[in-house]
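Coordinates as given in target.cif (mmCIF, C-alpha atoms):
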```
data_entry
loop_
_atom_site.label_atom_id
_atom_site.label_comp_id
_atom_site.auth_asym_id
_atom_site.auth_seq_id
_atom_site.Cartn_x
_atom_site.Cartn_y
_atom_site.Cartn_z
CA MET A 564 0.00 0.00 0.00
CA GLN A 565 0.99 3.60 -0.32
CA ILE A 566 0.88 6.18 2.45
CA MET A 567 2.13 9.71 2.84
CA LEU A 568 4.98 9.80 5.37
CA ASN A 569 5.99 13.31 6.35
CA GLY A 570 4.57 14.55 3.09
CA VAL A 571 6.37 12.02 0.90
CA LEU A 572 4.76 9.05 -0.85
CA CYS A 573 5.92 5.83 0.78
CA ASP A 574 5.43 2.16 -0.21
CA THR A 575 5.01 0.00 2.84
CA GLN A 576 3.67 -3.30 4.04
CA ALA A 577 3.66 -2.12 7.66
CA GLU A 578 0.32 -2.93 9.24
CA THR A 579 0.76 -0.75 12.31
CA LEU A 580 2.30 2.60 13.11
CA THR A 581 4.92 0.88 15.26
CA ALA A 582 5.90 -1.36 12.34
CA LEU A 583 6.20 1.65 10.05
CA LEU A 584 8.49 3.47 12.48
CA VAL A 585 10.74 0.39 12.69
CA GLN A 586 10.73 -0.07 8.92
CA GLU A 587 11.70 3.56 8.32
CA GLY A 588 14.36 3.64 11.04
CA PHE A 589 12.71 6.11 13.39
CA SER A 590 13.79 5.88 17.00
CA GLY A 591 14.39 8.15 19.96
CA ARG A 592 12.09 11.04 20.72
CA VAL A 593 9.43 11.32 18.09
CA ALA A 594 5.74 12.11 18.20
CA THR A 595 3.25 10.72 15.72
CA ALA A 596 -0.01 11.65 14.08
CA VAL A 597 -2.16 9.77 11.59
CA ASN A 598 -4.59 11.68 9.41
CA GLU A 599 -4.04 14.81 11.48
CA GLU A 600 -4.86 13.09 14.79
CA PHE A 601 -2.24 12.69 17.51
CA VAL A 602 -1.35 9.06 18.22
CA PRO A 603 0.35 8.70 21.62
CA ALA A 604 3.34 6.37 21.78
CA ALA A 605 1.37 3.92 23.90
CA LEU A 606 -1.21 3.48 21.14
CA ARG A 607 1.13 3.02 18.16
CA ASP A 608 0.97 -0.78 18.36
CA GLU A 609 -2.77 -0.78 17.85
CA GLN A 610 -2.83 2.03 15.29
CA SER A 611 -3.41 0.17 12.04
CA LEU A 612 -2.49 1.71 8.71
CA LYS A 613 -4.39 1.66 5.46
CA ASP A 614 -3.77 2.81 1.94
CA GLY A 615 -3.78 6.60 1.65
CA ASP A 616 -3.12 7.34 5.31
CA ARG A 617 -1.17 10.47 6.12
CA VAL A 618 1.46 9.88 8.78
CA GLU A 619 3.47 12.57 10.51
CA VAL A 620 6.60 11.77 12.52
CA LEU A 621 7.87 14.83 14.36
CA ALA A 622 11.04 15.35 16.36
CA PRO A 623 12.60 18.09 18.47
CA MET A 624 13.78 21.01 16.39
CA GLN A 625 15.05 24.53 16.88
CA GLY A 626 12.33 27.04 17.63
CA GLY A 627 11.74 30.55 18.87
CA MET B 645 10.86 36.80 41.21
CA LYS B 646 7.44 35.46 40.26
CA SER B 647 7.21 31.78 39.49
CA PHE B 648 6.07 30.35 36.20
CA TYR B 649 3.58 27.62 37.06
CA GLY B 650 5.51 26.94 40.27
CA VAL B 651 8.96 27.14 38.68
CA THR B 652 11.25 29.91 39.86
CA LEU B 653 13.77 30.70 37.16
CA ALA B 654 17.39 31.59 37.86
CA ASN B 655 17.09 34.63 35.60
CA SER B 656 14.72 36.39 33.20
CA LEU B 657 16.15 35.44 29.80
CA MET B 658 14.14 33.02 27.69
CA LEU B 659 16.13 32.33 24.56
CA GLY B 660 15.04 30.79 21.29
CA THR B 661 17.09 28.09 19.61
CA ALA B 662 16.38 28.80 15.92
CA GLN B 663 18.42 30.48 13.17
CA TYR B 664 21.91 30.21 14.70
CA PRO B 665 24.84 29.85 12.32
CA SER B 666 25.75 26.48 13.86
CA PRO B 667 24.83 24.17 16.74
CA THR B 668 28.11 25.07 18.43
CA ILE B 669 27.28 28.78 18.40
CA LEU B 670 23.79 28.02 19.71
CA GLU B 671 25.27 26.03 22.56
CA GLN B 672 27.80 28.73 23.38
CA ALA B 673 25.11 31.43 23.33
CA PHE B 674 23.27 29.51 26.04
CA ARG B 675 26.31 28.60 28.07
CA GLN B 676 27.83 32.07 28.07
CA SER B 677 24.60 33.98 28.65
CA GLY B 678 23.19 31.54 31.19
CA ALA B 679 19.67 31.82 29.74
CA ALA B 680 17.23 29.95 31.96
CA VAL B 681 14.74 28.77 29.33
CA ALA B 682 15.11 27.41 25.80
CA THR B 683 12.22 27.53 23.38
CA VAL B 684 12.00 24.59 21.00
CA SER B 685 9.64 23.26 18.37
CA LEU B 686 8.57 20.10 16.58
CA ARG B 687 9.21 19.48 12.93
CA ARG B 688 9.24 16.51 10.60
CA GLU B 689 12.11 14.18 11.36
CA GLY B 690 14.35 13.70 8.34
CA ALA B 691 16.64 10.88 7.30
CA ASP B 692 19.55 12.56 9.09
CA LYS B 693 17.71 12.24 12.43
CA ALA B 694 18.80 15.80 13.26
CA GLY B 695 16.11 16.07 15.90
CA GLN B 696 17.76 13.52 18.15
CA SER B 697 21.16 15.25 18.23
CA PHE B 698 19.46 18.61 18.79
CA TRP B 699 17.54 17.18 21.73
CA SER B 700 20.70 15.70 23.18
CA MET B 701 22.37 19.10 23.11
CA ILE B 702 19.41 20.85 24.74
CA THR B 703 19.30 18.22 27.47
CA ASP B 704 23.00 18.77 28.19
CA LEU B 705 22.40 22.50 28.64
CA GLY B 706 20.23 21.79 31.68
CA VAL B 707 17.77 24.59 30.90
CA HIS B 708 13.99 24.62 31.21
CA VAL B 709 12.40 23.68 27.90
CA LEU B 710 9.45 25.61 26.51
CA PRO B 711 8.03 23.97 23.36
CA ASN B 712 6.07 26.15 20.99
CA THR B 713 3.24 25.73 18.53
CA ALA B 714 4.90 28.04 16.00
CA GLY B 715 3.30 28.21 12.60
CA CYS B 716 -0.10 26.95 13.76
CA HIS B 717 -3.09 28.86 12.37
CA THR B 718 -6.01 26.88 13.78
CA VAL B 719 -7.11 25.69 17.20
CA LYS B 720 -6.96 22.05 16.13
CA GLU B 721 -3.47 22.38 14.70
CA ALA B 722 -2.20 24.13 17.84
CA VAL B 723 -3.85 21.67 20.22
CA THR B 724 -2.55 18.63 18.31
CA THR B 725 0.95 20.12 18.16
CA ALA B 726 0.82 20.79 21.89
CA HIS B 727 -0.08 17.18 22.62
CA MET B 728 2.76 15.95 20.44
CA ALA B 729 5.17 18.37 22.10
CA ARG B 730 4.15 17.24 25.59
CA GLU B 731 4.99 13.66 24.72
CA VAL B 732 8.32 14.47 23.07
CA PHE B 733 9.57 17.07 25.54
CA ASP B 734 8.01 15.59 28.66
CA THR B 735 6.67 18.90 29.97
CA ASN B 736 3.27 20.47 30.49
CA TRP B 737 4.67 23.84 29.45
CA ILE B 738 3.55 25.06 26.04
CA LYS B 739 4.19 28.38 24.33
CA LEU B 740 0.87 28.71 22.59
CA GLU B 741 1.00 30.48 19.23
CA VAL B 742 -2.05 30.69 17.00
CA ILE B 743 -1.04 32.92 14.14
CA GLY B 744 -3.65 35.27 12.69
CA ASN B 745 -1.79 37.18 10.00
CA THR B 746 0.99 35.92 7.78
CA ASP B 747 2.65 39.32 7.35
CA THR B 748 2.79 40.41 10.96
CA LEU B 749 2.57 36.94 12.56
CA GLN B 750 0.30 38.55 15.08
CA PRO B 751 -1.79 36.23 17.24
CA ASP B 752 -5.32 35.26 16.30
CA VAL B 753 -6.55 36.15 19.76
CA PHE B 754 -10.01 34.61 19.36
CA HIS B 755 -8.62 31.20 18.56
CA LEU B 756 -5.81 31.71 21.04
CA VAL B 757 -8.30 31.92 23.89
CA GLU B 758 -10.18 28.90 22.56
CA ALA B 759 -7.02 26.81 22.27
CA ALA B 760 -5.81 27.95 25.70
CA LYS B 761 -9.06 26.78 27.24
CA VAL B 762 -8.80 23.35 25.64
CA LEU B 763 -5.17 22.94 26.67
CA THR B 764 -5.53 24.11 30.27
CA ASN B 765 -8.42 21.66 30.65
CA ASP B 766 -6.04 18.98 29.34
CA GLY B 767 -3.52 19.80 32.05
CA PHE B 768 -1.18 21.99 30.05
CA GLU B 769 0.56 25.01 31.54
CA VAL B 770 0.02 27.55 28.82
CA PHE B 771 2.30 30.47 27.96
CA PRO B 772 0.08 32.34 25.48
CA TYR B 773 1.71 34.51 22.84
CA THR B 774 -0.78 37.36 22.81
CA THR B 775 -1.15 41.06 22.10
CA GLU B 776 -1.24 43.90 24.61
CA ASP B 777 -5.06 43.88 24.63
CA LEU B 778 -6.29 43.85 28.22
CA GLY B 779 -9.63 42.23 27.38
CA VAL B 780 -7.92 39.32 25.70
CA ALA B 781 -5.54 39.06 28.64
CA GLU B 782 -8.45 38.80 31.06
CA ARG B 783 -10.01 36.04 28.98
CA LEU B 784 -6.76 34.12 28.85
CA LEU B 785 -6.51 34.32 32.62
CA SER B 786 -10.15 33.31 33.02
CA VAL B 787 -9.61 30.10 31.03
CA GLY B 788 -6.70 29.11 33.24
CA CYS B 789 -3.54 30.76 31.91
CA GLU B 790 -1.22 31.81 34.74
CA VAL B 791 1.32 33.56 32.52
CA LEU B 792 0.86 36.14 29.75
CA MET B 793 3.29 36.79 26.92
CA PRO B 794 2.38 39.97 25.03
CA TRP B 795 4.33 40.79 21.92
CA GLY B 796 6.71 43.74 21.89
CA ALA B 797 6.59 43.94 18.10
CA PRO B 798 6.16 41.44 15.25
CA ILE B 799 8.33 38.33 15.49
CA GLY B 800 11.79 38.91 14.09
CA SER B 801 11.21 42.61 13.44
CA GLY B 802 13.66 43.88 16.04
CA ARG B 803 11.56 46.98 16.63
CA GLY B 804 11.46 46.75 20.40
CA MET B 805 8.18 47.62 22.10
CA ASN B 806 5.81 49.21 19.60
CA ASN B 807 3.20 50.09 22.18
CA GLU B 808 4.95 50.78 25.44
CA TYR B 809 1.97 52.64 26.81
CA ALA B 810 -0.26 49.57 26.52
CA LEU B 811 2.44 47.26 27.85
CA ARG B 812 2.83 49.52 30.89
CA ALA B 813 -0.92 49.42 31.36
CA MET B 814 -0.86 45.63 31.21
CA ARG B 815 1.79 45.53 33.93
CA ALA B 816 -0.32 47.82 36.10
CA GLU B 817 -3.52 45.88 35.42
CA PHE B 818 -2.07 42.48 36.33
CA PRO B 819 0.51 43.14 39.05
CA ASP B 820 0.56 39.54 40.26
CA VAL B 821 0.65 37.75 36.90
CA PRO B 822 4.03 36.73 35.46
CA LEU B 823 4.40 38.76 32.27
CA VAL B 824 6.89 38.08 29.49
CA ILE B 825 7.67 40.31 26.53
CA ASP B 826 7.73 37.81 23.68
CA ALA B 827 8.95 38.83 20.24
CA GLY B 828 10.14 42.02 18.62
CA ILE B 829 13.22 42.62 20.74
CA GLY B 830 16.14 43.81 18.63
CA LEU B 831 18.61 45.36 21.03
CA PRO B 832 19.71 44.94 24.62
CA SER B 833 18.23 48.38 25.34
CA HIS B 834 14.80 47.01 24.33
CA ALA B 835 15.21 44.13 26.75
CA ALA B 836 16.38 46.42 29.50
CA ARG B 837 13.38 48.69 28.91
CA ALA B 838 10.99 45.74 29.20
CA MET B 839 12.49 44.85 32.54
CA GLU B 840 12.43 48.49 33.69
CA LEU B 841 8.68 48.43 33.09
CA GLY B 842 8.44 45.58 35.57
CA TYR B 843 8.12 42.67 33.19
CA ASP B 844 9.20 39.36 34.63
CA ALA B 845 11.09 37.99 31.64
CA VAL B 846 11.97 38.57 28.02
CA LEU B 847 11.71 35.94 25.31
CA LEU B 848 13.84 36.57 22.25
CA ASN B 849 15.51 34.66 19.46
CA THR B 850 16.28 36.50 16.22
CA ALA B 851 18.12 39.40 17.85
CA VAL B 852 20.71 36.98 19.18
CA ALA B 853 20.75 34.27 16.53
CA ARG B 854 21.07 36.67 13.57
CA ALA B 855 23.56 39.04 15.19
CA GLY B 856 27.06 39.08 13.75
CA ASP B 857 28.30 37.56 16.99
CA PRO B 858 25.40 35.67 18.58
CA VAL B 859 27.36 34.63 21.65
CA ALA B 860 28.34 38.19 22.49
CA MET B 861 24.79 39.39 21.83
CA ALA B 862 23.35 36.73 24.12
CA ARG B 863 25.65 37.94 26.89
CA ALA B 864 24.68 41.55 26.14
CA MET B 865 20.99 40.66 26.40
CA MET B 866 21.51 38.97 29.73
CA GLY B 867 23.44 41.98 31.04
CA ALA B 868 20.69 44.32 29.90
CA ILE B 869 17.97 42.16 31.45
CA GLU B 870 19.78 42.03 34.76
CA ALA B 871 20.32 45.81 34.69
CA GLY B 872 16.70 46.53 33.81
CA LYS B 873 15.41 44.21 36.51
CA LEU B 874 17.65 45.77 39.16
CA ALA B 875 16.60 49.24 38.04
CA TYR B 876 12.91 48.37 38.38
CA GLU B 877 13.50 47.00 41.86
CA ALA B 878 15.49 50.13 42.74
CA ASP B 879 12.40 52.33 42.12
CA PRO B 880 13.64 54.79 39.48
CA ILE B 881 12.92 58.53 39.60
CA GLU B 882 10.21 60.08 37.49
CA ALA B 883 11.25 62.02 34.40
CA ARG B 884 10.69 65.80 34.65
CA ASP B 885 10.74 68.65 32.18
CA MET B 886 12.96 71.12 33.99
CA ALA B 887 16.39 70.84 35.52
CA GLU B 888 16.84 70.27 39.19
CA ALA B 889 20.36 70.91 40.46
CA SER B 890 21.91 67.85 42.01
CA THR B 891 24.86 69.70 43.57
CA PRO B 892 23.84 71.57 46.75
CA VAL B 893 23.63 75.35 46.40
CA ILE B 894 24.19 75.99 50.09
CA GLY B 895 27.84 76.58 50.81
CA LYS B 896 28.68 77.62 47.28
CA ALA B 897 31.50 80.22 47.23
CA PHE B 898 30.79 83.76 46.11
CA LEU B 899 33.23 84.20 43.26
CA SER B 900 31.54 86.41 40.69
#
```
Serialized structure, structure tokens:
Amino acid sequence: MQIMLNGVLCDTQAETLTALLVQEGFSGRVATAVNEEFVPAALRDEQSLKDGDRVEVLAPMQGG
Amino acid sequence: MKSFYGVTLANSLMLGTAQYPSPTILEQAFRQSGAAVATVSLRREGADKAGQSFWSMITDLGVHVLPNTAGCHTVKEAVTTAHMAREVFDTNWIKLEVIGNTDTLQPDVFHLVEAAKVLTNDGFEVFPYTTEDLGVAERLLSVGCEVLMPWGAPIGSGRGMNNEYALRAMRAEFPDVPLVIDAGIGLPSHAARAMELGYDAVLLNTAVARAGDPVAMARAMMGAIEAGKLAYEADPIEARDMAEASTPVIGKAFLS
């Protein structure tokens, strides 16, 4: 299936958000959202993914 | 010094972490100025995993971390960003920005109040980026904000305090509320002036990060903030129109 990951089209077989993060090499401090809804870390295992989902993976960055 | 949601800061400089020439200069600006608070944000993590090394550096600085919702234009966007920031940064503090105009980056105060209400009900400790409007300030306090952060001037403009009269009125209206001048500071004299008015802290970024020597400017800002704070506590004299001799007249020799 194809999803949008941080605004970029991504082919994946990952069935859950956790699996996607592992597949794409995300670790450390990140926060996630699927289809514009926050998904807490504790719920990533049960957050299933489907074709066309929009996934955001955010990390600490410089800010003012 | 007033506390910010129960936290007493070592000093009154809140320093942004964006736009520095390099991570090393950013780190030195913090270390040499001693700024008590670092503002941070959330952005998409790239393949270089830059976010993790940035976080490691901020952690090593040992400062209080104030995540922002910069760039958010709607209540939903700001609230979702705040939730994500709380998880990543492990703090209930949030610098709440809901932008209303793309040219001035001035707050959308209607949605700001709405978002602040949602977030305080969710247990956040909200630092609202607001205007000098007293009515908006009252509403922010009524929905649970315990800190107010009026703008001095548009973000990054370096104009200082555009409306000092209103900012002085805000200080007088809310004597017990921690007040922070957030945005618009360009020079140490602006920061000193904010503190002379009795503000509790100054939040700035561009003035330091974009200076020719950011480390020196960070130190200059801290010096100015300390001077302004001390001056406010020292109860300065009122300005007057006419001269008043400071040297005693009594005992002056007759020599003419």
ask   = Which residues of chain A are close to chain B, meaning at most 10 Å apart when you count only C-alpha atoms, and how do they look as a PyMOL selection string?
value = chain A and resi 568-570+587-596+599-604+619-627
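Distances here use only C-alpha atoms; by that measure, the residue among B:Thr652, B:Thr891, B:Ser801, B:Ser677 closest to B:Thr748 is B:Ser801.
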request  = Tell me which residues the PyMOL selection byres ((chain B and resi 774-788) around 10) grabs here, as number ranges by chain.
outcome  = B: 740-743, 750-754, 756-765, 767-773, 789-797, 807-815, 817-818, 821, 825-826
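Neighbouring residues of stretch 605-615 of chain A at 10 Å or closer, counting only C-alpha atoms and skipping chain neighbours under 2 positions away, are A:Met564, A:Gln565, A:Ile566, A:Met567, A:Leu572, A:Cys573, A:Asp574, A:Thr575, A:Gln576, A:Ala577, A:Glu578, A:Thr579, A:Leu580, A:Thr581, A:Ala582, A:Leu583, A:Leu584, A:Thr595, A:Ala596, A:Val597, A:Asn598, A:Phe601, A:Val602, A:Pro603, A:Arg617, A:Val618.
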Those residues you just picked out, can you put them in a file as an mmCIF file, in the frame of the given file with C-alpha atoms?
```
data_model
loop_
_atom_site.group_PDB
_atom_site.id
_atom_site.type_symbol
_atom_site.label_atom_id
_atom_site.label_comp_id
_atom_site.auth_asym_id
_atom_site.auth_seq_id
_atom_site.Cartn_x
_atom_site.Cartn_y
_atom_site.Cartn_z
ATOM 1 C CA MET A 564 0.000 0.000 0.000
ATOM 2 C CA GLN A 565 0.990 3.600 -0.320
ATOM 3 C CA ILE A 566 0.880 6.180 2.450
ATOM 4 C CA MET A 567 2.130 9.710 2.840
ATOM 5 C CA LEU A 572 4.760 9.050 -0.850
ATOM 6 C CA CYS A 573 5.920 5.830 0.780
ATOM 7 C CA ASP A 574 5.430 2.160 -0.210
ATOM 8 C CA THR A 575 5.010 0.000 2.840
ATOM 9 C CA GLN A 576 3.670 -3.300 4.040
ATOM 10 C CA ALA A 577 3.660 -2.120 7.660
ATOM 11 C CA GLU A 578 0.320 -2.930 9.240
ATOM 12 C CA THR A 579 0.760 -0.750 12.310
ATOM 13 C CA LEU A 580 2.300 2.600 13.110
ATOM 14 C CA THR A 581 4.920 0.880 15.260
ATOM 15 C CA ALA A 582 5.900 -1.360 12.340
ATOM 16 C CA LEU A 583 6.200 1.650 10.050
ATOM 17 C CA LEU A 584 8.490 3.470 12.480
ATOM 18 C CA THR A 595 3.250 10.720 15.720
ATOM 19 C CA ALA A 596 -0.010 11.650 14.080
ATOM 20 C CA VAL A 597 -2.160 9.770 11.590
ATOM 21 C CA ASN A 598 -4.590 11.680 9.410
ATOM 22 C CA PHE A 601 -2.240 12.690 17.510
ATOM 23 C CA VAL A 602 -1.350 9.060 18.220
ATOM 24 C CA PRO A 603 0.350 8.700 21.620
ATOM 25 C CA ARG A 617 -1.170 10.470 6.120
ATOM 26 C CA VAL A 618 1.460 9.880 8.780
#
```
ask   = How far is it from atom CA of B:Tyr843 to atom CA of B:Asn806, in Å with one decimal?
value =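 One can read the atom CA of B:Tyr843 to atom CA of B:Asn806 distance as 15.3 Å.
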task = Please indicate the distance in Å from atom CA of B:Tyr649 to atom CA of B:Trp737, rounded to one decimal place.
result =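 Spanning atom CA of B:Tyr649 to atom CA of B:Trp737 is a straight-line distance of 8.6 Å.
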inquiry  = Please expand the PyMOL selection byres ((chain B and resi 673) around 10) into the concrete residues it hits in this file, giving the result as an MDAnalysis selection string.
reply    = chainID B and resid 659 661 664 667:672 674:679 852:853 857:863
key: atom CA of B:Val893 to atom CA of B:Ile881, straight-line distance in Å   =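 Atom CA of B:Val893 lies at a distance of 21.1 Å from atom CA of B:Ile881.
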